[in-house]
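Listing of model_38.csv; format and content: CSV, C-alpha atoms and all ligand atoms.
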```
chain,number,residue,atom,x,y,z
A,210,MET,CA,-23.0,28.7,40.7
A,211,HIS,CA,-25.1,27.3,43.5
A,212,GLU,CA,-24.5,24.1,45.3
A,213,LEU,CA,-26.5,21.0,44.3
A,214,GLY,CA,-27.8,18.1,46.4
A,215,ARG,CA,-25.3,15.5,47.5
A,216,LEU,CA,-25.7,11.7,47.4
A,217,GLU,CA,-25.6,11.6,51.2
A,218,ASP,CA,-28.7,13.8,51.2
A,219,LEU,CA,-30.8,10.9,49.8
A,220,PRO,CA,-32.2,8.2,52.0
A,221,GLN,CA,-30.1,5.0,51.9
A,222,ASP,CA,-33.0,2.7,50.8
A,223,TYR,CA,-33.7,5.1,47.9
A,224,ARG,CA,-30.0,4.9,46.9
A,225,ASP,CA,-30.0,1.2,47.2
A,226,GLN,CA,-33.0,0.9,44.9
A,227,LEU,CA,-31.4,3.0,42.3
A,228,THR,CA,-28.2,0.9,42.4
A,229,ARG,CA,-30.1,-2.3,42.1
A,230,LEU,CA,-31.8,-1.0,38.9
A,231,ASN,CA,-28.5,0.4,37.4
A,232,LEU,CA,-29.7,4.0,37.9
A,233,VAL,CA,-27.6,7.0,39.1
A,234,PRO,CA,-28.9,10.5,40.1
A,235,LEU,CA,-27.2,13.1,38.0
A,236,TRP,CA,-27.2,16.1,40.3
A,237,PRO,CA,-24.5,14.9,42.8
A,238,ASN,CA,-22.2,14.4,39.8
A,239,LEU,CA,-23.4,17.2,37.5
A,240,ARG,CA,-20.6,19.7,38.4
A,241,SER,CA,-17.9,17.1,38.0
A,242,VAL,CA,-18.8,16.0,34.5
A,243,LEU,CA,-19.7,19.5,33.4
A,244,PRO,CA,-17.3,21.7,35.4
A,245,PRO,CA,-17.6,25.5,35.1
A,246,GLN,CA,-15.6,27.2,32.3
A,247,VAL,CA,-12.6,24.8,32.0
A,248,PRO,CA,-12.7,21.0,31.7
A,249,SER,CA,-11.0,18.9,34.3
A,250,ARG,CA,-7.9,17.3,32.9
A,251,ASN,CA,-5.8,14.3,34.0
A,252,THR,CA,-3.0,15.2,31.6
A,253,ARG,CA,-0.1,16.3,33.6
A,254,PRO,CA,2.8,18.3,32.1
A,255,THR,CA,5.4,15.5,31.9
A,256,HIS,CA,9.0,15.4,30.7
A,257,TRP,CA,10.8,12.2,29.4
A,258,PRO,CA,14.5,13.0,29.1
A,259,TYR,CA,16.2,10.8,26.5
A,260,THR,CA,19.4,10.5,28.6
A,261,THR,CA,17.5,8.6,31.3
A,262,LEU,CA,15.2,6.7,29.0
A,263,LYS,CA,17.9,5.4,26.5
A,264,PRO,CA,19.9,3.2,28.9
A,265,LEU,CA,16.7,1.5,30.1
A,266,LEU,CA,15.7,0.9,26.5
A,267,MET,CA,19.1,-0.5,25.7
A,268,GLN,CA,18.7,-2.8,28.7
A,269,ALA,CA,15.4,-4.0,27.3
A,270,GLY,CA,17.4,-5.0,24.3
A,271,GLU,CA,19.4,-7.3,26.4
A,272,LEU,CA,16.6,-8.5,28.7
A,273,THR,CA,13.9,-9.2,26.1
A,274,PRO,CA,14.5,-10.8,22.7
A,275,MET,CA,12.5,-9.7,19.8
A,276,HIS,CA,10.3,-12.8,19.7
A,277,LYS,CA,9.3,-12.1,23.3
A,278,ALA,CA,8.4,-8.5,22.6
A,279,GLU,CA,7.1,-8.2,19.0
A,280,ARG,CA,7.6,-4.5,19.5
A,281,ARG,CA,10.3,-3.6,22.0
A,282,VAL,CA,8.9,-0.4,23.3
A,283,LEU,CA,9.0,1.6,26.5
A,284,VAL,CA,5.8,3.6,26.8
A,285,LEU,CA,6.0,7.3,27.8
A,286,ALA,CA,3.0,7.2,30.2
A,287,ASN,CA,1.5,10.2,31.8
A,288,PRO,CA,1.2,9.6,35.6
A,289,GLY,CA,-2.0,11.8,35.6
A,290,HIS,CA,-3.8,9.1,33.6
A,291,GLY,CA,-2.3,6.2,35.6
A,292,LEU,CA,0.8,4.6,34.1
A,293,GLU,CA,-1.0,1.3,33.3
A,294,ASN,CA,-3.3,3.2,31.0
A,295,MET,CA,-0.4,4.0,28.7
A,296,LYS,CA,-1.6,7.5,27.7
A,297,ALA,CA,0.4,10.6,27.2
A,298,SER,CA,-2.9,12.5,26.8
A,299,PRO,CA,-6.6,11.5,26.3
A,300,ALA,CA,-6.0,10.6,22.6
A,301,MET,CA,-2.2,10.2,22.3
A,302,TYR,CA,0.0,7.2,23.1
A,303,LEU,CA,3.8,7.7,23.0
A,304,GLY,CA,6.4,4.9,22.9
A,305,MET,CA,10.1,4.7,22.4
A,306,GLN,CA,11.0,1.7,20.2
A,307,LEU,CA,14.3,-0.1,19.8
A,308,LEU,CA,15.4,-2.3,17.0
A,309,LEU,CA,18.8,-3.9,17.0
A,310,PRO,CA,20.9,-5.0,14.0
A,311,GLY,CA,19.5,-8.1,12.3
A,312,GLU,CA,16.2,-7.9,14.1
A,313,TRP,CA,12.7,-7.9,12.5
A,314,ALA,CA,9.5,-6.7,14.1
A,315,PRO,CA,6.9,-8.9,12.3
A,316,ALA,CA,4.1,-7.7,10.1
A,317,HIS,CA,0.8,-6.8,11.6
A,318,ARG,CA,-2.0,-4.3,11.1
A,319,HIS,CA,-4.2,-2.6,13.5
A,320,THR,CA,-7.0,-0.1,13.8
A,321,PRO,CA,-5.1,2.6,15.6
A,322,ASN,CA,-3.2,5.1,13.4
A,323,ALA,CA,0.6,5.4,14.0
A,324,VAL,CA,3.5,7.6,13.0
A,325,ARG,CA,7.1,7.2,13.9
A,326,MET,CA,9.6,10.0,14.4
A,327,ILE,CA,13.2,8.6,14.0
A,328,VAL,CA,15.4,9.5,16.9
A,329,GLU,CA,18.7,7.9,16.1
A,330,GLY,CA,20.5,5.1,14.1
A,331,HIS,CA,20.9,4.1,10.5
A,332,GLY,CA,19.9,1.2,8.3
A,333,ALA,CA,16.5,0.3,9.5
A,334,THR,CA,13.4,0.3,7.3
A,335,THR,CA,9.6,0.1,7.9
A,336,THR,CA,7.6,-1.6,5.2
A,337,VAL,CA,4.1,-0.1,5.0
A,338,ASN,CA,1.6,-1.9,2.6
A,339,GLY,CA,4.5,-3.1,0.5
A,340,GLU,CA,6.4,0.3,0.4
A,341,LYS,CA,9.8,0.1,2.0
A,342,CYS,CA,10.6,3.3,3.9
A,343,PRO,CA,14.1,4.1,5.0
A,344,MET,CA,14.3,5.4,8.6
A,345,GLU,CA,16.7,8.3,9.2
A,346,ARG,CA,16.9,10.8,12.0
A,347,GLY,CA,14.0,13.3,11.9
A,348,ASP,CA,12.0,11.3,9.3
A,349,LEU,CA,8.3,10.9,9.9
A,350,ILE,CA,6.8,7.6,8.7
A,351,LEU,CA,3.1,6.8,8.7
A,352,THR,CA,1.3,3.6,9.3
A,353,PRO,CA,-2.3,4.6,8.9
A,354,THR,CA,-5.2,2.6,10.2
A,355,GLY,CA,-5.4,-0.9,8.8
A,356,GLN,CA,-2.2,-0.9,6.8
A,357,TRP,CA,0.3,-3.7,7.1
A,358,HIS,CA,3.6,-2.7,8.7
A,359,GLU,CA,6.9,-4.4,9.8
A,360,HIS,CA,10.2,-3.0,10.8
A,361,GLU,CA,13.6,-4.5,10.0
A,362,HIS,CA,17.2,-3.5,10.6
A,363,SER,CA,20.1,-4.6,8.4
A,364,GLY,CA,22.5,-1.9,9.4
A,365,SER,CA,24.8,-1.6,12.4
A,366,GLY,CA,24.1,-0.1,15.8
A,367,PRO,CA,20.7,0.4,17.5
A,368,VAL,CA,17.9,2.3,15.8
A,369,VAL,CA,15.4,4.1,18.1
A,370,TRP,CA,12.2,5.9,17.2
A,371,LEU,CA,9.3,7.6,18.9
A,372,ASP,CA,5.9,6.1,18.1
A,373,VAL,CA,2.8,8.3,18.3
A,374,LEU,CA,-0.6,6.5,18.1
A,375,ASP,CA,-4.2,7.4,18.7
A,376,LEU,CA,-4.4,4.1,20.6
A,377,PRO,CA,-6.1,5.6,23.8
A,378,LEU,CA,-8.9,7.0,21.7
A,379,MET,CA,-9.4,3.8,19.7
A,380,TYR,CA,-9.3,1.7,22.9
A,381,TYR,CA,-11.8,4.1,24.6
A,382,ALA,CA,-14.1,3.6,21.6
A,383,GLU,CA,-13.7,-0.2,21.9
A,384,VAL,CA,-12.4,-0.5,18.3
A,385,SER,CA,-8.7,-1.3,19.0
A,386,TYR,CA,-7.5,-4.6,17.6
A,387,ALA,CA,-4.6,-6.1,15.6
A,388,VAL,CA,-4.1,-8.8,13.0
A,389,GLU,CA,-0.9,-10.7,12.5
A,390,GLY,CA,0.5,-11.2,9.0
A,391,GLU,CA,3.2,-12.7,6.8
A,392,ARG,CA,6.4,-10.9,5.7
A,393,GLN,CA,5.3,-8.5,3.0
A,394,THR,CA,6.4,-8.5,-0.6
A,395,VAL,CA,8.1,-5.2,-1.2
A,396,GLN,CA,6.6,-3.3,-4.2
A,397,PRO,CA,8.6,-0.9,-6.3
A,398,GLY,CA,8.0,2.8,-6.0
A,399,ARG,CA,8.1,5.3,-3.1
A,400,GLY,CA,5.5,8.0,-2.4
A,401,ASP,CA,8.1,10.3,-0.9
A,402,GLU,CA,9.9,10.4,-4.2
A,403,VAL,CA,6.8,10.9,-6.3
A,404,TYR,CA,5.6,13.7,-4.0
A,405,ALA,CA,9.0,15.2,-3.3
A,406,HIS,CA,8.3,18.3,-5.4
A,407,GLY,CA,6.1,20.7,-3.5
A,408,GLY,CA,3.3,22.2,-5.6
A,409,VAL,CA,3.3,19.6,-8.4
A,410,VAL,CA,1.4,16.4,-7.7
A,411,PRO,CA,0.6,13.4,-9.8
A,412,THR,CA,-2.6,13.7,-11.9
A,413,SER,CA,-4.2,11.7,-14.6
A,414,TYR,CA,-6.7,12.0,-17.4
A,415,PHE,CA,-7.7,8.5,-16.5
A,416,GLU,CA,-8.5,9.1,-12.8
A,417,ARG,CA,-8.8,5.7,-11.1
A,418,GLY,CA,-9.2,7.1,-7.6
A,419,ARG,CA,-6.3,8.2,-5.4
A,420,ALA,CA,-4.6,6.4,-2.6
A,421,GLU,CA,-6.0,7.6,0.7
A,422,TYR,CA,-2.4,7.9,2.0
A,423,PRO,CA,-0.3,8.8,-1.0
A,424,MET,CA,2.8,9.7,1.1
A,425,LEU,CA,4.1,7.5,3.9
A,426,ARG,CA,7.5,9.0,4.5
A,427,TYR,CA,8.2,12.6,5.2
A,428,PRO,CA,12.0,13.0,5.1
A,429,TRP,CA,13.5,15.4,7.7
A,430,ARG,CA,15.7,16.9,5.0
A,431,GLU,CA,12.6,18.3,3.2
A,432,ALA,CA,10.8,19.5,6.3
A,433,ARG,CA,13.9,21.2,7.7
A,434,ALA,CA,14.5,22.9,4.3
A,435,ALA,CA,10.9,24.1,4.3
A,436,LEU,CA,11.3,25.6,7.8
A,437,GLU,CA,14.5,27.3,6.9
A,438,ALA,CA,13.1,28.8,3.7
A,439,LEU,CA,10.0,30.0,5.6
A,440,ALA,CA,12.1,31.6,8.4
A,441,GLN,CA,14.3,33.3,5.8
A,442,THR,CA,11.5,34.5,3.5
A,443,GLN,CA,9.4,35.9,6.4
A,444,PRO,CA,11.8,37.4,8.9
A,445,SER,CA,8.9,38.8,11.0
A,446,LEU,CA,7.0,35.5,11.2
A,447,THR,CA,6.8,34.5,14.9
A,448,CYS,CA,5.6,30.9,14.5
A,449,VAL,CA,7.8,29.2,12.0
A,450,GLN,CA,5.9,26.0,11.6
A,451,VAL,CA,4.9,23.5,8.9
A,452,THR,CA,2.1,20.9,9.1
A,453,TYR,CA,2.5,17.4,7.8
A,454,VAL,CA,-0.3,17.1,5.2
A,455,ASN,CA,-1.6,14.7,2.7
A,456,PRO,CA,-0.2,16.2,-0.6
A,457,ASP,CA,-3.3,15.3,-2.6
A,458,THR,CA,-5.8,16.9,-0.2
A,459,GLY,CA,-3.8,19.4,1.9
A,460,HIS,CA,-5.5,17.9,5.0
A,461,HIS,CA,-3.8,16.5,8.1
A,462,ILE,CA,-2.0,13.2,7.3
A,463,GLN,CA,-4.2,11.3,9.7
A,464,ASN,CA,-7.8,11.5,11.0
A,465,ASN,CA,-7.3,12.2,14.6
A,466,LEU,CA,-3.9,13.6,15.5
A,467,GLY,CA,-2.1,16.5,13.9
A,468,TYR,CA,1.7,16.6,13.2
A,469,TYR,CA,3.9,19.6,12.8
A,470,ALA,CA,7.6,20.6,12.6
A,471,MET,CA,8.5,23.9,14.2
A,472,MET,CA,11.7,26.0,14.1
A,473,LEU,CA,12.6,28.4,16.9
A,474,ARG,CA,15.0,31.2,15.7
A,475,PRO,CA,18.1,31.7,17.8
A,476,ALA,CA,17.1,32.9,21.3
A,477,GLN,CA,13.4,33.0,20.3
A,478,GLN,CA,10.7,32.9,22.9
A,479,LEU,CA,7.4,31.8,21.5
A,480,ARG,CA,4.1,31.9,23.5
A,481,LEU,CA,1.6,29.5,22.1
A,482,PRO,CA,-2.0,30.5,23.2
A,483,ALA,CA,-4.2,28.3,25.4
A,484,ARG,CA,-6.0,25.9,23.0
A,485,SER,CA,-8.3,22.9,23.7
A,486,PRO,CA,-5.9,20.1,22.4
A,487,SER,CA,-3.2,18.5,24.4
A,488,GLN,CA,0.2,18.6,22.8
A,489,VAL,CA,3.5,16.7,22.6
A,490,PHE,CA,6.8,18.3,21.9
A,491,HIS,CA,9.9,16.4,20.8
A,492,VAL,CA,13.3,18.0,20.2
A,493,ILE,CA,14.9,17.1,16.8
A,494,GLU,CA,17.7,19.5,17.0
A,495,GLY,CA,18.8,21.9,19.8
A,496,ARG,CA,17.7,22.7,23.3
A,497,VAL,CA,14.3,24.1,24.2
A,498,ASP,CA,12.8,25.3,27.4
A,499,VAL,CA,9.1,24.5,27.8
A,500,ALA,CA,7.0,26.4,30.4
A,501,VAL,CA,3.3,25.5,31.1
A,502,THR,CA,1.3,26.6,34.1
A,503,LYS,CA,3.6,25.9,37.1
A,504,HIS,CA,5.9,23.5,35.3
A,505,ALA,CA,9.1,24.2,33.4
A,506,PHE,CA,11.2,21.7,31.5
A,507,GLY,CA,14.6,22.1,29.9
A,508,LEU,CA,14.4,19.8,26.9
A,509,ALA,CA,17.6,18.5,25.4
A,510,GLU,CA,18.0,16.9,22.0
A,511,ALA,CA,15.7,13.8,21.7
A,512,ASP,CA,13.7,14.7,24.8
A,513,THR,CA,9.9,14.5,24.8
A,514,CYS,CA,7.2,16.2,26.8
A,515,CYS,CA,3.5,16.6,26.8
A,516,THR,CA,1.2,19.5,27.9
A,517,PRO,CA,-2.5,19.5,28.7
A,518,GLY,CA,-5.1,21.4,26.7
A,519,TYR,CA,-6.5,24.9,27.8
A,520,GLU,CA,-3.0,26.0,29.0
A,521,ALA,CA,-0.7,28.4,27.2
A,522,VAL,CA,2.8,27.0,26.5
A,523,THR,CA,5.9,29.1,26.1
A,524,LEU,CA,8.9,27.7,24.1
A,525,THR,CA,12.3,29.2,24.4
A,526,ASN,CA,15.3,28.3,22.2
A,527,ARG,CA,18.3,28.0,24.6
A,528,SER,CA,20.8,28.8,21.8
A,529,THR,CA,21.5,32.4,20.9
A,530,THR,CA,23.3,31.4,17.7
A,531,GLU,CA,21.5,28.3,16.3
A,532,PRO,CA,17.9,27.5,15.4
A,533,ALA,CA,16.1,24.7,17.3
A,534,PHE,CA,13.8,22.2,15.7
A,535,LEU,CA,10.8,20.5,17.2
A,536,PHE,CA,8.4,17.8,16.2
A,537,VAL,CA,4.9,18.5,17.6
A,538,ALA,CA,1.8,16.3,17.8
A,539,ASP,CA,-1.6,17.4,18.9
A,540,GLU,CA,-5.3,16.4,19.1
A,541,SER,CA,-6.6,19.3,17.0
A,542,PRO,CA,-8.0,17.2,14.1
A,543,LEU,CA,-10.0,15.3,16.6
A,544,HIS,CA,-11.2,18.4,18.4
A,545,ARG,CA,-12.3,20.0,15.1
A,546,LYS,CA,-14.3,16.9,14.3
A,547,LEU,CA,-15.9,16.9,17.7
A,548,GLY,CA,-16.7,20.6,17.2
A,549,VAL,CA,-14.9,21.6,20.4
A,550,TYR,CA,-11.6,23.1,19.0
A,551,GLU,CA,-10.9,26.3,20.8
A,552,VAL,CA,-8.2,29.0,20.9
A,553,ARG,CA,-8.5,31.1,24.1
A,554,SER,CA,-5.8,33.6,24.6
A,601,LIG,O1,5.5,-0.5,15.7
A,601,LIG,O2,3.7,-1.4,15.1
A,601,LIG,O3,4.7,1.7,20.0
A,601,LIG,O4,1.9,-1.8,16.9
A,601,LIG,C1,2.8,0.3,19.7
A,601,LIG,C2,2.1,-0.6,18.9
A,601,LIG,C3,4.5,0.4,18.0
A,601,LIG,C4,4.4,-0.8,15.9
A,601,LIG,C5,4.0,0.8,19.3
A,601,LIG,C6,2.6,-1.0,17.7
A,601,LIG,C7,3.8,-0.4,17.2
```
Could you render the structure from this file as C-alpha cells?
Amino acid sequence: MHELGRLEDLPQDYRDQLTRLNLVPLWPNLRSVLPPQVPSRNTRPTHWPYTTLKPLLMQAGELTPMHKAERRVLVLANPGHGLENMKASPAMYLGMQLLLPGEWAPAHRHTPNAVRMIVEGHGATTTVNGEKCPMERGDLILTPTGQWHEHEHSGSGPVVWLDVLDLPLMYYAEVSYAVEGERQTVQPGRGDEVYAHGGVVPTSYFERGRAEYPMLRYPWREARAALEALAQTQPSLTCVQVTYVNPDTGHHIQNNLGYYAMMLRPAQQLRLPARSPSQVFHVIEGRVDVAVTKHAFGLAEADTCCTPGYEAVTLTNRSTTEPAFLFVADESPLHRKLGVYEVRS
C-alpha cells in the first residue's frame, strides 16, 4: 500500500482556507479511517476483579445516599476509550450497581436498552412496566428501550448487580435521554412464569398482537439447567452455550447487544475464533482463565472482563472437577444489522 500525501505537504495558506470553510482533505487521513485489513480498536482487554471493586462499591453506599445517586453505580470503564467516556467497548456500557436494604431507585425510562445480571444478595426486585421481577443471583432481567423501571430492596444485606447497556451507541447516535416517573403500579402476572416451559408458548385464536418483550426475567435456574442438559446430551459438543432469546420470535432479546450463558466442562479449554464484535465475560460460577492477544486474566467468581473484536479468545476452566458458568455479552446483533459481522479464524 503506497504512501499518501501528508497535511504538511500542502501550503499553509491553502490549509487555512480549507479550515475557514470547514473543509478537510481526505488523503492525509484516509489510511487512519480505512486501515488495511483490520480496523483500529480502542477497546483494550480489561479485567475488573470483583474483590477489588466490591469494597469500593460498599464504600459508595456509605458516602452517597440514594437520593444523591438515583442509581448507585461504579462504571467499568475501558481505559482505551478514556475512562470519562464510560465505555467497555464501542457499544457496551458496564456498571456495577448497589442497592441497600430499604432503598428505592426511582422509576425512569430511557432510550438505551439495559439488562442486569444479578451478582449477589437477596430480596430486591426490579419493576419493569408494572411487572415485578425478583432478583436472584445469575438471573437476567431486561429493561428494554422506553420501558419504565425502578429497583427496590425490602430484604436484608446488600444486593449487587451488573448492568449492561447499549448506552455508548445511543449516545453516539445522539438519541440518549431519560424521563423521570412516578412509582409504578404493579400489575399481576409474570412473563417468566408464562414462558417457563420451553417449546410451548402462549397463542390465541384472537390474536391481538404480541408484546414486543414478552419475557423480562430469565431465571438462572432455567438457563443453568439448559446448559447442563445440553452438555449431558451432547458429550462431544465443544461450545456449550445458550442464547437469551425472545421466546415468541427466537431472535435476540434486544436490538443491539447479544446475551448468552456458557458452560465450560471441567478442565475444558475453548478457543473462540476471532470475530468482529467486542465481548464481555462475567463469571457466574467457578474460575476461568481468559487469554486474548498478549493479555491473560484469571477470572474469579463475579469477575468481569472485556475483549476487543477481531481477536481470538481462549477460555479455560480452572477446575478439573466442576463445570464453570459464564455470562457473555457481545455486539453481534448490531454487527449483523450493520452488515459487517465476521468470523475470521
Ligand atoms: O438501573 O436504570 O448502570 O438508568 C445506568 C443507567 C443503571 C438503571 C445504570 C441506568 C441504570
(request) Please provide the set of residues having any atom within 12 Å of Glu402 of chain A, restricted to all atoms listed in the file, with same-chain residues fewer than 3 positions apart removed, written as a PyMOL selection string. (result) chain A and resi 340+342-343+397-399+405-407+410-411+423-428+431
(request) Find, counting all atoms listed in the file, the residue in A:Val384, A:Thr516, A:Pro444, A:His276 that gets nearest to Ser298 of chain A. (result)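 Using all atoms listed in the file, Ser298 of chain A sits closest to A:Thr516.
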(request) Using all atoms listed in the file, find the one residue out of A:Gln443, A:Gln488, A:Ser385, A:Thr513 that sits nearest to Val328 of chain A. (result)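 Among the listed residues, the smallest separation from Val328 of chain A belongs to A:Thr513.
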(message) When you count all atoms listed in the file, which of these residues is closest to Arg430 of chain A: A:Arg346, A:Leu265, A:Val497, A:Val395?
(response) A:Arg346
(message) Restricting the calculation to all atoms listed in the file: of A:Gly289, A:Pro542, A:Pro234, A:Gly364, which residue gets closest to Pro254 of chain A?
(response)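 Among A:Gly289, A:Pro542, A:Pro234, A:Gly364, it is A:Gly289 that comes nearest to Pro254 of chain A.
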(request) Identify, on the basis of only C-alpha atoms, every residue whose closest approach to segment 280-287 of chain A does not exceed 8 Å; exclude the query and any residue fewer than 3 positions from it along the same chain; express the result as a PyMOL selection string. (result) chain A and resi 252-253+255+257+266+269-270+273+275+290-298+302-308+314
(message) Using Å and a single decimal, report how far atom CA of Ile493 of chain A sits from atom CA of Glu345 of chain A.
(response)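 That distance, rounded to one decimal, is 11.8 Å.
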Would you pull segment 373-397 of chain A out of the block just shown and save C-alpha atoms as a short mmCIF file (atom, residue, chain, number, x, y, z; two decimals), in the first residue's frame?
```
data_model
loop_
_atom_site.label_atom_id
_atom_site.label_comp_id
_atom_site.auth_asym_id
_atom_site.auth_seq_id
_atom_site.Cartn_x
_atom_site.Cartn_y
_atom_site.Cartn_z
CA VAL A 373 -25.14 -3.87 30.58
CA LEU A 374 -26.46 -1.08 28.37
CA ASP A 375 -26.07 -0.03 24.75
CA LEU A 376 -25.61 3.48 26.11
CA PRO A 377 -22.38 4.34 24.18
CA LEU A 378 -24.11 3.53 20.90
CA MET A 379 -27.22 5.55 21.79
CA TYR A 380 -25.08 8.44 23.00
CA TYR A 381 -23.00 8.33 19.80
CA ALA A 382 -26.20 8.40 17.76
CA GLU A 383 -27.38 11.42 19.82
CA VAL A 384 -30.56 9.67 20.88
CA SER A 385 -29.78 9.04 24.57
CA TYR A 386 -32.20 10.61 27.07
CA ALA A 387 -34.24 9.69 30.16
CA VAL A 388 -37.65 10.60 31.57
CA GLU A 389 -38.40 10.55 35.30
CA GLY A 390 -41.62 8.96 36.52
CA GLU A 391 -43.84 8.07 39.45
CA ARG A 392 -43.76 4.84 41.45
CA GLN A 393 -45.32 2.21 39.21
CA THR A 394 -48.47 0.27 39.99
CA VAL A 395 -47.55 -3.40 39.99
CA GLN A 396 -49.68 -5.46 37.60
CA PRO A 397 -50.38 -9.14 38.27
#
```
